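For reference, the structure is listed below as structure tokens.
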Amino acid sequence: MPRPRSLTQGQIAAAALAVIDRDGLAALSMRTVAGELGMSTMALYRYVGDRDELEGLVVELVLDGVDASPPPGATWQERITVLAGRVRERVGAHPGVVPLTMTHRHRSAGILRWSETVLGVLAEAGVEGPERVVALRGLLSYLIGAIQLEHLGPLSGEGTAAIAGLPRAEFPRMAETAGHALLIGAEEEFHGGLAIVLRGIAART
């Protein structure tokens with residue numbers, strides 16, 4: 001297959017994301033992306049070193065689409081809730097990319113811009129110094145973990161039903177809690193957990 005005269009990283013990332021969206025993360029390889037671009041695998045190596053680099057390009061493409069502009073809101077908690085929701089919506093639109101966000105987020109200029117905005121909101125709320133570090137890390141930890149659980153281990157999945165069916169004599173609290181979990185939707189879970197995190201930050205300011 002003839003090699004295009006030139007390719008941008010954006011074009012390569014878009015092709016890799018198309019492979020993931022269509023066929024799943026396991027299908028991502030130098031060969032499949034080359035095929036998506038209509039070129040040979042060896043020709044693709046002129047632009048990208050390996051699959052790890054492909055993954056980084058995909059994560060950057062997805063996270064670069066996150067709106068990092070300061071959102072409206074009466075309180076700092078409302079503004080951070082909007083910012084967190086933007087990441088969840090953007091990543092959730094490409095569920096196959098979810099497992100890559102933990103390992104490749106540091107390379108993303110998009111998430112750096114988002115974090116800068118979050119830090120500005122926290123500063124306005126009076127969260128300073130080491131407390132701001134812990135607050136940002138806590139928010140990122142919750143956000144990444146919540147998105148992964150929503151797509152890789154949702155409460156609506158078979159695991160929750162299995163836990164709800166555990167012997168109550170041996171696992172009374174696990175079984176009872178799983179029974180409640182079956183009634184909780186993804187929106188309620190995400191925003192409820194985020195509210196708990198934000199209350200914790202507020203309590204330390």
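Going through the structure tokens in order, the chains are called A, B, and so on, while each chain numbers its residues from 1 and the ligands are numbered from 1 in the order shown.
Proximity to Pro154 in chain A at 12 Å, evaluated using only C-alpha atoms and with sequence-adjacent residues fewer than 4 positions away removed, yields Gly145, Ala146, Ile147, Gln148, Leu149, Glu150, Glu158, Gly159, Thr160, Ala161, Ala178, Ala181, Leu182, Ile184, Gly185, Ala186, Glu187, Glu189 and Phe190 of chain A.
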So that I can see what lies close to Ile12 in chain A, please list as a ChimeraX atom specification the residues with an atom at most 12 Å from it, counting only C-alpha atoms and leaving out residues fewer than 3 positions away in the same chain. /A:4,6-9,15-19,29-30,32-39,44-48,51,53-58,60-61
Expected file: the selected residues, C-alpha atoms, as a PDB file, in the first residue's frame:
```pdb
ATOM      1  CA  PRO A   4       0.882   9.058   2.389  1.00  0.00           C
ATOM      2  CA  SER A   6       2.982  13.000   5.411  1.00  0.00           C
ATOM      3  CA  LEU A   7       0.923  12.239   8.493  1.00  0.00           C
ATOM      4  CA  THR A   8       0.255  14.311  11.575  1.00  0.00           C
ATOM      5  CA  GLN A   9       0.085  12.923  15.076  1.00  0.00           C
ATOM      6  CA  ALA A  15      -7.029   6.325  13.315  1.00  0.00           C
ATOM      7  CA  ALA A  16      -5.994   4.551  16.520  1.00  0.00           C
ATOM      8  CA  LEU A  17      -9.092   5.833  18.317  1.00  0.00           C
ATOM      9  CA  ALA A  18     -11.270   4.620  15.444  1.00  0.00           C
ATOM     10  CA  VAL A  19      -9.787   1.125  15.868  1.00  0.00           C
ATOM     11  CA  SER A  29      -1.705  -2.496  17.258  1.00  0.00           C
ATOM     12  CA  MET A  30       0.707  -0.961  14.805  1.00  0.00           C
ATOM     13  CA  THR A  32      -4.381  -2.362  12.671  1.00  0.00           C
ATOM     14  CA  VAL A  33      -3.674   1.366  12.822  1.00  0.00           C
ATOM     15  CA  ALA A  34      -1.576   1.142   9.666  1.00  0.00           C
ATOM     16  CA  GLY A  35      -4.466  -0.618   7.975  1.00  0.00           C
ATOM     17  CA  GLU A  36      -6.845   2.104   9.150  1.00  0.00           C
ATOM     18  CA  LEU A  37      -4.544   4.670   7.558  1.00  0.00           C
ATOM     19  CA  GLY A  38      -4.127   2.681   4.348  1.00  0.00           C
ATOM     20  CA  MET A  39      -0.404   2.162   4.722  1.00  0.00           C
ATOM     21  CA  LEU A  44       3.829   3.637  10.239  1.00  0.00           C
ATOM     22  CA  TYR A  45       7.039   3.082  12.203  1.00  0.00           C
ATOM     23  CA  ARG A  46       8.385   6.183  10.486  1.00  0.00           C
ATOM     24  CA  TYR A  47       5.936   8.172  12.600  1.00  0.00           C
ATOM     25  CA  VAL A  48       5.327   6.125  15.763  1.00  0.00           C
ATOM     26  CA  ARG A  51       1.993   0.643  20.678  1.00  0.00           C
ATOM     27  CA  GLU A  53       3.272   5.686  21.870  1.00  0.00           C
ATOM     28  CA  LEU A  54      -0.004   5.020  20.054  1.00  0.00           C
ATOM     29  CA  GLU A  55      -1.776   4.744  23.391  1.00  0.00           C
ATOM     30  CA  GLY A  56      -0.344   8.061  24.511  1.00  0.00           C
ATOM     31  CA  LEU A  57      -1.520   9.754  21.325  1.00  0.00           C
ATOM     32  CA  VAL A  58      -5.032   8.372  21.794  1.00  0.00           C
ATOM     33  CA  GLU A  60      -4.042  12.987  24.412  1.00  0.00           C
ATOM     34  CA  LEU A  61      -6.638  13.170  21.624  1.00  0.00           C
TER      35      LEU A  61
END
```
Taking only C-alpha atoms into account, which of A:Val127, A:Val134, A:Leu155, A:Val121 comes nearest Pro72 in chain A? A:Val121
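CA of Tyr142 in chain A to CA of Ser69 in chain A spans 20.8 Å [interatomic distance, one decimal].
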At a cut-off of 8 Å, using only C-alpha atoms, what residues contact Val91 in chain A? Leave out same-chain residues fewer than 5 positions from it and give the result as an MDAnalysis selection string. chainID A and resid 62:63 97:98 147
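When only C-alpha atoms are used to compute distances to Glu124 in chain A, the closest of the residues A:Arg22, A:Arg79, A:His104, A:Arg168 turns out to be A:Arg79.
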Near-Arg132 in chain A list (10 Å; only C-alpha atoms; drop same-chain fewer than 2 positions) as a VMD selection string: chain A and resid 118 to 120 122 to 123 126 to 130 134 to 138 201 205
So the first atom is CA of Ala175 in chain A and the second is CA of Leu140 in chain A; what is the distance between them in Å, to one decimal place? 29.5 Å
Between CA of Ala203 in chain A and CA of Arg90 in chain A, what is the spacing in Å? 29.7 Å
Taking the DSSP assignment computed from this structure's backbone, write out as an MDAnalysis selection string all residues of range 11-150 of chain A that belong to alpha helix (DSSP H). chainID A and resid 11:23 30:37 41:44 51:64 76:92 101:104 109:124 129:150
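When only C-alpha atoms are used to measure the gap to Ser141 in chain A, the shortest distance among A:Gly157, A:Glu188, A:Ala84, A:Thr117 belongs to A:Ala84.
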